[in-house]
Structure formats: structure tokens, C-alpha cells
There are 2 protein chains.
Amino acid sequence: MPRTAVIVGAGLGGSLLAHFLGQRGWHVRVFERRGDPRARGYVGGRSINLAISARGIHALERAGLADEVKTHGIRMPGRMLHSPTGATAFVPYSADPTRAIMSFSRSALNMMLIQAAASHANVELAFDHRCTEIDEARGEVTFERADGTRVAATADLIVGADGSYSAMRGHFEKRERFEYSQSYLAHGYKELSIPPVASGPHAPFAMDPKALHIWPRGGSMMIALPNPDGSFTCTLFWPFEAPAGSGEASFATVRDGKAALERFRREYPDAVPLMPDLVGEFDRNPVGSMVTVRCWPWALGGRFALLGDAAHAIVPFYGQGANASFEDCESLVDALERHPTDVATAIDEYQRDRKPNADAIADMALANFVEMRDKTAHLSFKLKKKLDHALNRWMPNAFVPLYDLVSFTTVPYAKARARARRQDRLVLDAAIALGALLVVAAAFVGDRLLRTPGATP
Amino acid sequence: MPRTAVIVGAGLGGSLLAHFLGQRGWHVRVFERRGDPRARGYVGGRSINLAISARGIHALERAGLADEVKTHGIRMPGRMLHSPTGATAFVPYSADPTRAIMSFSRSALNMMLIQAAASHANVELAFDHRCTEIDEARGEVTFERADGTRVAATADLIVGADGSYSAMRGHFEKRERFEYSQSYLAHGYKELSIPPVASGPHAPFAMDPKALHIWPRGGSMMIALPNPDGSFTCTLFWPFEAPAGSGEASFATVRDGKAALERFRREYPDAVPLMPDLVGEFDRNPVGSMVTVRCWPWALGGRFALLGDAAHAIVPFYGQGANASFEDCESLVDALERHPTDVATAIDEYQRDRKPNADAIADMALANFVEMRDKTAHLSFKLKKKLDHALNRWMPNAFVPLYDLVSFTTVPYAKARARARRQDRLVLDAAIALGALLVVAAAFVGDRLLRTPGATP
């Protein structure tokens with residue numbers, strides 16, 4: 001009975017998988033390229049943060065981590081939209097006000113998962129181990145330590161959970177007939193921050209913490225997510241280059257903090273007083289790029305499998321990257337339980353289950369960037385959300401908006417998307433029918449009025 | 001004035017570019033991974049062959065190789081379609097019977113280009129040199145020789161013309177924001193052959209050599225191109241796997257020559273008597289895969305550029321792979337002449353000129369696989385070609401079919417495709433208008449008939 005696993009990467013997906021397999025009695029060894037975050041102690045406060053929604057919470061609860069989720073997460077039941085004049089508008093994520101996505105510190109969540117994995121006597125974690133090679137025939141993976149020494153490991157199951165730039169996937173890529181694409185956004189991002197405040201209506205928060213804040217500016221945007229220490233982590237999304245003469249902000253044209261401050265005063269005026277170190281942060285923090293990776297197969301040699309960003313890196317605009325990785329872990333663990341003596345079949349079922357869903361959320365995440373940075377700025381967005389929520393309240397089972405399906409259910413992504421398309425088509429048909437009816441009614445009424453004695457014909 | 005170039009790869013594109021630059025006084029060094037084909041002597045007769053059409057001939061004539069083209073090429077003015085019963089039908093490629101694509105032996109063409117490049121005192125060729133590294137900052141490329149020693153080379157211009165699995169492109173791929181995709185067909189191919197015959201209407205050819213022979217079989221096909229020695233090189237295109245229970249041929253289900261012979265007797269009966277070594281060749285020859293590679297940028301660091309299959313590997317079904325590489329060479333040389341002191345601008349203009357055209361021919365090559373293996377088997381294909389050719393004869397300037405634009409002109413691929421789409425839309429609109437007119441006419445005539453005295457109302 002296969003009971004040994006090697007996991008490459010102790011990020012969110014790798015450490016949750018180690019915990020799941022540890023719970024089920026597997027002997028697991030996790031190898032991570034970076035150092036042990038536990039040695040550095042908990043890094044709280046400002047750090048990249050992410051949104052965890054129903055899928056992620058489902059997986060974490062199943063892993064027995066429900067309490068930790070409540071301790072570390074901040075509920076965000078809606079978006080707070082900031083206009084260029086500084087006016088704000090709150091648009092809830094769901095018709096149901098109890099539904100919220102959760103803001104998490106990535107490092108806190110990762111730490112919690114590493115600790116959960118390490119709590120099992122049958123799970124070993126090795127840090128500072130870089131994956132350098134896989135040998136498909138021998139079923140082996142090799143790591144290099146910081147001192148240059150190498151170690152080879154084998155197991156019944158070898159999982160590459162080593163992120164968007166996965167070393168394991170690099171080895172898959174060298175094989176014939178491996179489908180692969182990497183595609184970058186024309187936008188980059190820069191992390192900025194809003195520190196806690198001593199006083200004010202939301203102190204220690206400088207703004208309402210019960211929202212994901214968005215400054216939609218058409219081609220660009222900034223967002224801010226609350227942290228437990230009262231700060232917000234802001235992410236500025238600007239194009240790397242703007243069309244010449246367009247006057248649009250871009251990282252190529254706005255090169256330093258001083259120029260950024262000027263730009264912010266015009267485009268994000270209400271954020272400026274909340275960002276005392278804007279100039280310094282803009283100068284210090286690097287510009288990141290965002291990639292969508294698609295590949296196939298995810299499984300190789302009956303033993304190797306890719307998981308999370310290594311299999312399907314997506315852009316962050318639906319807040320589903322970590323959620324999708326956690327669903328991968330559940331799918332893989334379920335497949336291994338269905339086939340306790342056959343890893344090859346289990347990883348094949350896992351990849352066939354997850355691939356269409358990974359493709360669907362990759363597309364939806366790309367589409368949501370346009371929604372966040374542009375559509376949210378228009379009145380039509382608020383009206384569409386009001387209509388969606390009204391329809392959902394009226395027919396809670398028959399009509400569930402796409403955002404709800406993705407963020408507040410565990411309906412597989414591909415099914416969620418297909419269902420939302422059917423719903424939207426129905427609503428459109430109904431609107432057309434209603435419109436036609438109104439025209440007929442108007443014509444009828446108009447005709448009656450014209451025929452009224454005394455009226456000019 | 002930049003006058004030194006390093007070219008990685010002495011294949012069709014690399015050696016033509018070396019020849020072009022050599023003619024223009026550049027000092028060129030070409031490094032090729034494989035051994036020197038001149039040392040082995042001319043390898044004639046059976047070998048992978050390819051179709052060269054107007055674009056390729058234009059480039060070769062510009063390179064001063066018009067006579068060699070006439071010596072080595074065999075004219076193919078049309079397709080010869082073989083039905084499962086053995087019946088054949090000739091469908092010309094153009095309304096103009098003087099137009100033909102040319103069947104070339106890849107090795108003979110490559111040899112001719114290597115000899116042309118080597119004829120310049122200022123062009124050096126080094127074989128058995130494998131590209132292992134590029135250093136963007138230092139503008140250097142490193143090669144490993146067979147004995148393990150290494151050599152670094154630098155130049156004003158460094159071109160990766162090292163094919164579909166380009167080592168140079170592998171280095172581009174490691175950079176951030178490099179767009180890349182590789183996608184394989186679900187079909188593989190196997191080379192087979194039809195040897196010359198002693199007697200017969202076309203001796204030494206076993207079939208009419210003035211055609212590209214196609215055995216279209218829906219999901220699969222075989223093609224055959226004539227060689228100067230009287231043989232044909234056949235290429236069998238089968239899916240790697242066929243849907244279970246479909247009964248379709250695939251390389252997974254038809255595993256050896258014996259099984260293949262049985263299959264051929266049913267599906268390619270007229271070819272069997274012409275292929276005396278079918279069983280042996282099927283057993284000996286490997287199954288190849290076919291990849292489409294798209295990437296961007298093609299230029300890096302103001303000095304490095306990709307060319308030919310390294311920049312845009314395409315599937316072989318439009319017979320345009322070599323033609324597209326030759327057009328790349330012309331575009332690059334023209335850009336270098338426009339900017340004699342500025343390689344960075346020249347390679348940027350080259351990539352912007354060629355990228356949309358490479359994308360267009362990649363799409364058309366994929367679409368043509370369906371046309372060749374499936375549509376050519378239907379009467380509608382022959383009728384459509386007859387209509388296209390009739391329209392072209394009637395309006396030789398206004399209506400030029402897509403196949404003619406691609407194969408018999410040098411109109412850029414993207415423009416050719418756009419023009420063909422416009423033309424097809426016009427023809428469709430005209431057909432609809434004509435159809436409507438006929439319906440009205442029929443109704444009018446019918447009405448008159450019904451009103452004729454004596455007819456039943």
C-alpha cells in the first residue's frame with residue numbers, strides 16, 4: 001500500500017497537502033527551497049495578503065483548522081469603491097450580508113499550515129533544499145543544499161507544489177508532447193501600505209476594515225486589504241508601459257516616488273493623507289509581474305504530479321489562487337483514498353478532475369481584472385450587482401450570481417462558470433421580452449391617446 | 001558600423017542568413033550542433049522533403065541561387081487525391097497552370113545553402129558546437145564542443161536559428177515577461193517511401209510526379225512528395241491515440257508493420273503494391289510529433305534575435321515552414337540595411353514585421369491539416385476550388401484565392417489571410433443575394449403558372 005510521499009515546496013498548497021497526508025498516516029518528506037519561516041519567528045503585520053473564500057475555508061476546516069481561520073482572518077463582506085474625487089461607495093459581494101471573503105496574511109497562513117504539517121511525527125520538513133532534477137525512470141527527485149551537497153529522494157508519490165516558477169514543472173517541460181504556455185499581463189504591481197492610526201471612526205484602521213478597497217481608474221487600479229494590526233496592504237496595478245502620449249500612468253513613465261506622489265494627488269487623492277511613506281515605499285519596493293501558466297499533463301510516470309501554482313498559476317484578481325490550490329489538495333487526497341493501492345490512477349483522476357476547473361478560474365481571474373479596474377467605476381456595475389442580488393433574493397436556488405458561486409460555494413469553477421452563463425442568458429432573454437412588451441404596451445397606449453377625441457391625429 | 005554576426009544553427013534559415021550577410025560584407029561565424037553534412041557527402045534520394053513556393057523561391061533567387069532551384073526542385077502544380085477505392089483525382093493548386101509548388105530534398109537544399117554561405121571568405125562555419133548559454137549583459141554566447149571544451153563568442157548581432165527546440169530560445173524563456181507557448185498536435189507522423197520503378201507510364205516514378213499525392217481519410221491521411229531519384233517520400237499522419245472503440249487507426253492501436261499492412265490494405269489499397277518495404281519501414285521508423293511554438297519577444301538586449309522555427313515552429317500542412325524562415329532572413333537583412341549603424345533598431349523592426357505574419361501562417365497551417373486530411377475527400381472541396389479558380393480567372397486582380405496568396409505571391413501572410421476573408425465574405429454575400437433572387441424568380445414564375453388558365457389554382 002503506497003504510503004510515502006515527497007512534496008517539493010512548503011508553501012500554502014505543499015504544507016496543506018503534507019498535513020492532509022500526515023493525518024492519513026502517510027510518511028511525508030517536504031523539501032523547501034527557502035529557509036524555515038519558524039526560525040525567523042512569526043512575521044506579522046505588513047506582508048502580501050490574500051483573500052480566502054468558501055473553498056479555502058472548506059479545506060482548512062476539513063484540515064481541522066477552523067479556529068485558526070477565525071483568529072487570523074478579517075471578514076470583508078463587500079468592496080469599497082473610491083472615486084477620483086474621494087467619494088466612496090460600498091457594494092456588497094452577496095445578497096446575503098453574512099457572506100464575506102477573508103483577508104489573510106500570506107505568511108501567517110503559511111506558518112499555520114507548516115505548524116499543522118510539522119505536528120505529525122510522520123511528516124518531516126527540510127528547508128534550504130532546492131529541487132535540481134527529476135529522474136522519471138528511477139522515480140527520484142534530487143535536491144541541492146545551501147552547502148552544495150545533494151540528496152536524492154524517492155517515494156510512492158512525488159508532488160511538485162513549488163509555485164508559479166516550479167522547478168519540477170521545468171523538468172516536465174523538457175518531455176515531448178508537454179503542452180505549456182506562460183503569458184504575462186501588460187500590467188505590473190507594486191506593494192504599498194496604509195499604516196494604523198491612533199484615532200478616527202475605524203481606529204486602529206485608517207479606513208473601514210470590513211471591505212476590500214478598490215480605486216478603479218480604467219486602465220489602472222489600486223486595492224487595499226486590511227491586516228490584523230490595523231494596517232492595510234495596498235497593491236498598485238499599473239501598466240508597465242502606457243501608449244505614448246496617452247498621459248496614462250505606467251511604471252515606465254512614473255519612475256520614482258516623487259513623480260508617484262504627484263500622480264497620486266491627482267488620481268488617488270483620498271489615499272495620499274493615509275500613506276505617509278508613499279514616496280519611500282514607491283522607491284524601495286520592486287515592480288512585480290503577473291503570469292498565467294497552463295500546462296498538461298500534470299501527472300507523469302505514475303508517481304510525479306504538479307499541484308497549485310506549479311500546475312496553474314493564475315492572476316490574483318478573483319482572489320482564488322490559494323483557494324484553488326487548497327481544492328487541488330482535497331481532490332488529490334480524495335483520489336488517493338479512492339485508490340489506496342494505485343497512485344498512478346489516483347493522480348490521473350486528480351489531474352482530470354482539476355484541469356478544467358483550473359482553466360476556468362484562470363480565465364475568470366483575467367476577466368475580473370477588467371471588472372475591478374474599469375467596470376466597478378461605472379454606475380452600470382452597481383446596477384448590475386443590485387439586479388443580481390435582487391434576482392438571487394427572489395429565486396435563491398434558481399439564480400446565484402457568478403461571484404457568489406465562485407467565492408461562497410464549492411461548486412467546481414467550470415460548472416460555476418457554465419451555470420452563470422446560462423443564468424445571464426436567461427436574464428437577457430427576459431429583459432428583451434420585457435422590453436418588447438413595454439414597446440407594445442407603449443404603442444397601444446400611444447394609439448389610444450392619438451385616437452382620443454380632440455387630440456391632433 | 002556593425003559588421004560581425006554569430007549565427008546559431010546551420011539549418012535552412014541559418015545558412016541562408018549567413019550567405020545574405022556574407023554577400024553584404026559582414027564577418028559571420030555560424031555554429032552548428034550537428035556534424036558537417038559536407039563531410040558525409042551529398043545525401044540524395046530519400047530524405048524528408050519539403051515544399052518550396054513563391055516566397056522561398058523569391059528569397060533563393062535574391063540569394064543568387066535561381067539555377068540551383070531549377071536543378072533540385074520538382075514542380076507540383078496540383079494535388080492528386082487518392083480515394084479508399086484507389087480512384088484518383090487531380091485538383092490544381094491555381095487557376096494558372098504555370099503555377100506550382102516545388103518538392104525539395106531538405107538535405108539537398110541545406111547543402112546548397114551551406115555551400116553558398118561557405119563560398120564567402122568572410123563566413124566561417126563551425127560544426128559540432130552545441131549552444132549552452134547566453135550572457136545578455138556581456139553580449140556573449142557559449143558553445144560546447146564534442147570534446148567538452150567550451151568557446152565563447154560575441155558579435156554585433158547574435159541570431160538563434162537553431163530550430164523548433166532552440167537552445168537560444170530556452171535562454172530567452174528564463175527571463176521575466178517572456179511570452180511562450182508550445183502546443184503539440186494529437187497526431188504523430190511516420191516516414192515511409194515508394195521506391196522508383198523500372199517501367200510504367202511515369203517511370204522511374206511509380207505515380208505521376210507532377211503532384212503532391214494525398215490519401216485523405218477524415219481523421220488521418222498519408223501524403224507523398226516526389227524525389228529527383230524517382231522515389232516518393234510518404235508521410236503517414238495518424239493520431240497518437242484514437243478514441244476507444246472508434247476503430248480509427250492510431251499509432252497506439254496499430255503497433256507494428258504487420259498490423260499496419262493489414263490496415264493499409266483496407267484504407268490505402270492503391271499504395272500497398274507501391275510500398276514493398278512497408279512492413280520493415282513501419283517497424284524501423286520512429287513516430288514524430290508536431291509542435292506549434294509561439295513566443296515574444298524575438299529580440300533581446302539589442303543584439304540577440306530568434307529566426308525561423310526557433311521563433312515560430314509551425315506544423316507542416318501548408319508547406320510554409322522553410323518559406324517563412326527564408327522570409328525572416330529577407331526581413332532581417334532589409335532591416336539591417338535600413339539601420340546600418342543600429343542593430344537594436346533593426347532587430348526590433350524585424351520582429352515587429354514578422355511576428356503577425358508568423359502567427360497568421362501558424363494558424364493557417366493548423367487549419368490546413370483539417371482541409372488536407374478531411375475536406376479534400378469531399379466533392380464540396382473540388383467544387384469550391386473550381387469556383388475559386390473560375391472567380392480568379394474572371395477577376396484575376398480582384399479575387400485571388402487564399403492558397404494562391406500564400407503559395408504563389410509574397411503578400412505578407414497576415415494580409416493574405418485578411419484579404420481572403422474579405423473575398424470569402426463577398427462571395428458568400430453574392431451567393432445569398434443570388435439565392436434570394438432565384439427564390440423570388442421561382443415564386444414569380446410559379447405564380448404565373450398557377451394563374452395560367454386551365455391550371456388548378
# chains A, B, ... in the order shown; residues from 1 in each chain; ligands from 1
>>> select_by_dssp(residues="segment 101-303 of chain B", states="helix (DSSP H, G or I)", output="VMD selection string")
chain B and resid 106 to 118 167 to 173 257 to 267 272 to 274 278 to 284
>>> interface_residues(of="chain B", to="chain A", cutoff="12 Å", atoms="only C-alpha atoms", output="JSON list (two decimals) with C-alpha atoms, in the first residue's frame")
[["chain", "number", "residue", "atom", "x", "y", "z"],
["B", 164, "SER", "CA", 11.90, 24.19, -33.04],
["B", 165, "TYR", "CA", 13.74, 23.07, -29.89],
["B", 166, "SER", "CA", 16.03, 26.13, -29.94],
["B", 167, "ALA", "CA", 18.62, 26.29, -27.17],
["B", 170, "GLY", "CA", 15.43, 28.30, -23.90],
["B", 173, "GLU", "CA", 12.39, 31.73, -21.74],
["B", 174, "LYS", "CA", 14.07, 32.13, -18.36],
["B", 175, "ARG", "CA", 13.58, 35.89, -18.44],
["B", 176, "GLU", "CA", 10.56, 37.51, -16.85],
["B", 177, "ARG", "CA", 7.72, 38.58, -19.10],
["B", 178, "PHE", "CA", 8.70, 36.23, -21.94],
["B", 179, "GLU", "CA", 5.51, 35.07, -23.65],
["B", 180, "TYR", "CA", 5.79, 31.43, -24.59],
["B", 181, "SER", "CA", 3.64, 28.56, -25.68],
["B", 182, "GLN", "CA", 4.31, 25.14, -27.11],
["B", 183, "SER", "CA", 1.37, 23.06, -28.27],
["B", 184, "TYR", "CA", 1.52, 19.60, -29.82],
["B", 185, "LEU", "CA", -0.85, 18.04, -32.32],
["B", 186, "ALA", "CA", -2.71, 14.94, -31.19],
["B", 187, "HIS", "CA", -1.34, 13.40, -34.41],
["B", 188, "GLY", "CA", 2.12, 11.98, -34.96],
["B", 240, "PHE", "CA", -1.21, 9.02, -31.32],
["B", 287, "VAL", "CA", 6.88, 8.31, -34.75],
["B", 288, "GLY", "CA", 7.50, 12.06, -34.75],
["B", 289, "SER", "CA", 5.42, 14.72, -33.05],
["B", 290, "MET", "CA", 4.47, 18.14, -34.40],
["B", 291, "VAL", "CA", 4.61, 21.31, -32.36],
["B", 292, "THR", "CA", 3.46, 24.89, -32.77],
["B", 293, "VAL", "CA", 5.68, 27.32, -30.84],
["B", 294, "ARG", "CA", 4.75, 30.96, -30.32],
["B", 295, "CYS", "CA", 6.85, 33.41, -28.34],
["B", 296, "TRP", "CA", 7.59, 37.08, -27.81],
["B", 297, "PRO", "CA", 9.87, 39.00, -27.89]]
>>> residues_around(residues="segment 326-338 of chain B", least_positions_apart="4", cutoff="9 Å", atoms="only C-alpha atoms", output="MDAnalysis selection string")
chainID B and resid 12:14 16:17 20:21 55:56 58:60 62 307:308 321:322 342:343 345:351 353:354 410
>>> residues_around(residues="segment 210-225 of chain B", least_positions_apart="6", cutoff="6 Å", atoms="only C-alpha atoms", output="VMD selection string")
chain B and resid 76 78 to 82 232 to 238 373 to 374 377
>>> residues_around(residues="Ala367 of chain A", least_positions_apart="2", cutoff="12 Å", atoms="only C-alpha atoms", output="PDB file with C-alpha atoms, in the first residue's frame")
ATOM      1  CA  LEU A 185      -0.064  40.677 -18.069  1.00  0.00           C
ATOM      2  CA  ILE A 314      -3.295  32.496 -12.266  1.00  0.00           C
ATOM      3  CA  VAL A 315      -3.533  36.264 -11.866  1.00  0.00           C
ATOM      4  CA  PRO A 316      -4.785  37.472  -8.472  1.00  0.00           C
ATOM      5  CA  PHE A 317      -7.939  39.342  -9.490  1.00  0.00           C
ATOM      6  CA  TYR A 318     -10.530  36.824  -8.370  1.00  0.00           C
ATOM      7  CA  ALA A 360     -11.954  28.128 -15.871  1.00  0.00           C
ATOM      8  CA  ILE A 361     -10.647  30.104 -12.880  1.00  0.00           C
ATOM      9  CA  ALA A 362      -7.616  31.239 -14.922  1.00  0.00           C
ATOM     10  CA  ASP A 363      -9.983  32.786 -17.488  1.00  0.00           C
ATOM     11  CA  MET A 364     -12.282  34.268 -14.839  1.00  0.00           C
ATOM     12  CA  ALA A 365      -9.322  35.799 -12.967  1.00  0.00           C
ATOM     13  CA  PHE A 369      -9.151  42.427 -13.739  1.00  0.00           C
ATOM     14  CA  VAL A 370     -11.166  44.411 -16.280  1.00  0.00           C
ATOM     15  CA  GLU A 371     -14.186  44.289 -13.968  1.00  0.00           C
ATOM     16  CA  MET A 372     -12.217  45.549 -10.952  1.00  0.00           C
ATOM     17  CA  ARG A 373     -10.180  48.292 -12.562  1.00  0.00           C
ATOM     18  CA  ASP A 374     -12.790  49.589 -15.009  1.00  0.00           C
ATOM     19  CA  LYS A 375     -16.362  48.323 -14.687  1.00  0.00           C
ATOM     20  CA  ARG A 417     -18.996  29.495 -14.962  1.00  0.00           C
TER      21      ARG A 417
END
>>> atom_distance(atom1="atom CA of Pro77 of chain B", atom2="atom CA of Leu278 of chain B")
27.5 Å
>>> closest_residue(among="B:Trp298, B:Gly11, B:Ser94, B:Ala118", to="Pro401 of chain B", atoms="only C-alpha atoms")
B:Ser94
>>> atom_distance(atom1="atom CA of Arg99 of chain A", atom2="atom CA of Tyr189 of chain A")
28.3 Å
>>> residues_around(residues="Val406 of chain B", least_positions_apart="5", cutoff="8 Å", atoms="only C-alpha atoms", output="list of chain:residue names")
B:Val411, B:Tyr413, B:Ala416
>>> write_last_selection(atoms="N, CA and C atoms", output="compact mmCIF listing (two decimals), in the first residue's frame")
# COMPACT_ATOMS: atom_id res chain seq x y z
N VAL B 411 2.73 38.37 -50.82
CA VAL B 411 1.87 39.19 -49.94
C VAL B 411 2.05 38.66 -48.51
N TYR B 413 1.76 37.07 -44.97
CA TYR B 413 0.76 36.08 -44.57
C TYR B 413 -0.48 36.71 -43.92
N ALA B 416 -2.55 38.40 -46.47
CA ALA B 416 -3.15 37.38 -47.34
C ALA B 416 -4.40 36.81 -46.68
>>> residues_around(residues="segment 266-277 of chain A", least_positions_apart="4", cutoff="6 Å", atoms="only C-alpha atoms", output="ChimeraX atom specification")
/A:84,86,194,281
>>> closest_residue(among="A:Asn397, A:Asn227, A:Asn357, A:Ala155", to="Ala418 of chain A", atoms="only C-alpha atoms")
A:Asn357
>>> closest_residue(among="B:Val445, B:Leu379, B:Met102, B:Gly160", to="Phe172 of chain B", atoms="only C-alpha atoms")
B:Gly160
>>> atom_distance(atom1="atom CA of Leu157 of chain A", atom2="atom CA of Ala63 of chain A")
20.1 Å
>>> closest_residue(among="B:Leu450, B:Ala116, B:Ala95, B:Leu383", to="Phe399 of chain B", atoms="only C-alpha atoms")
B:Ala95
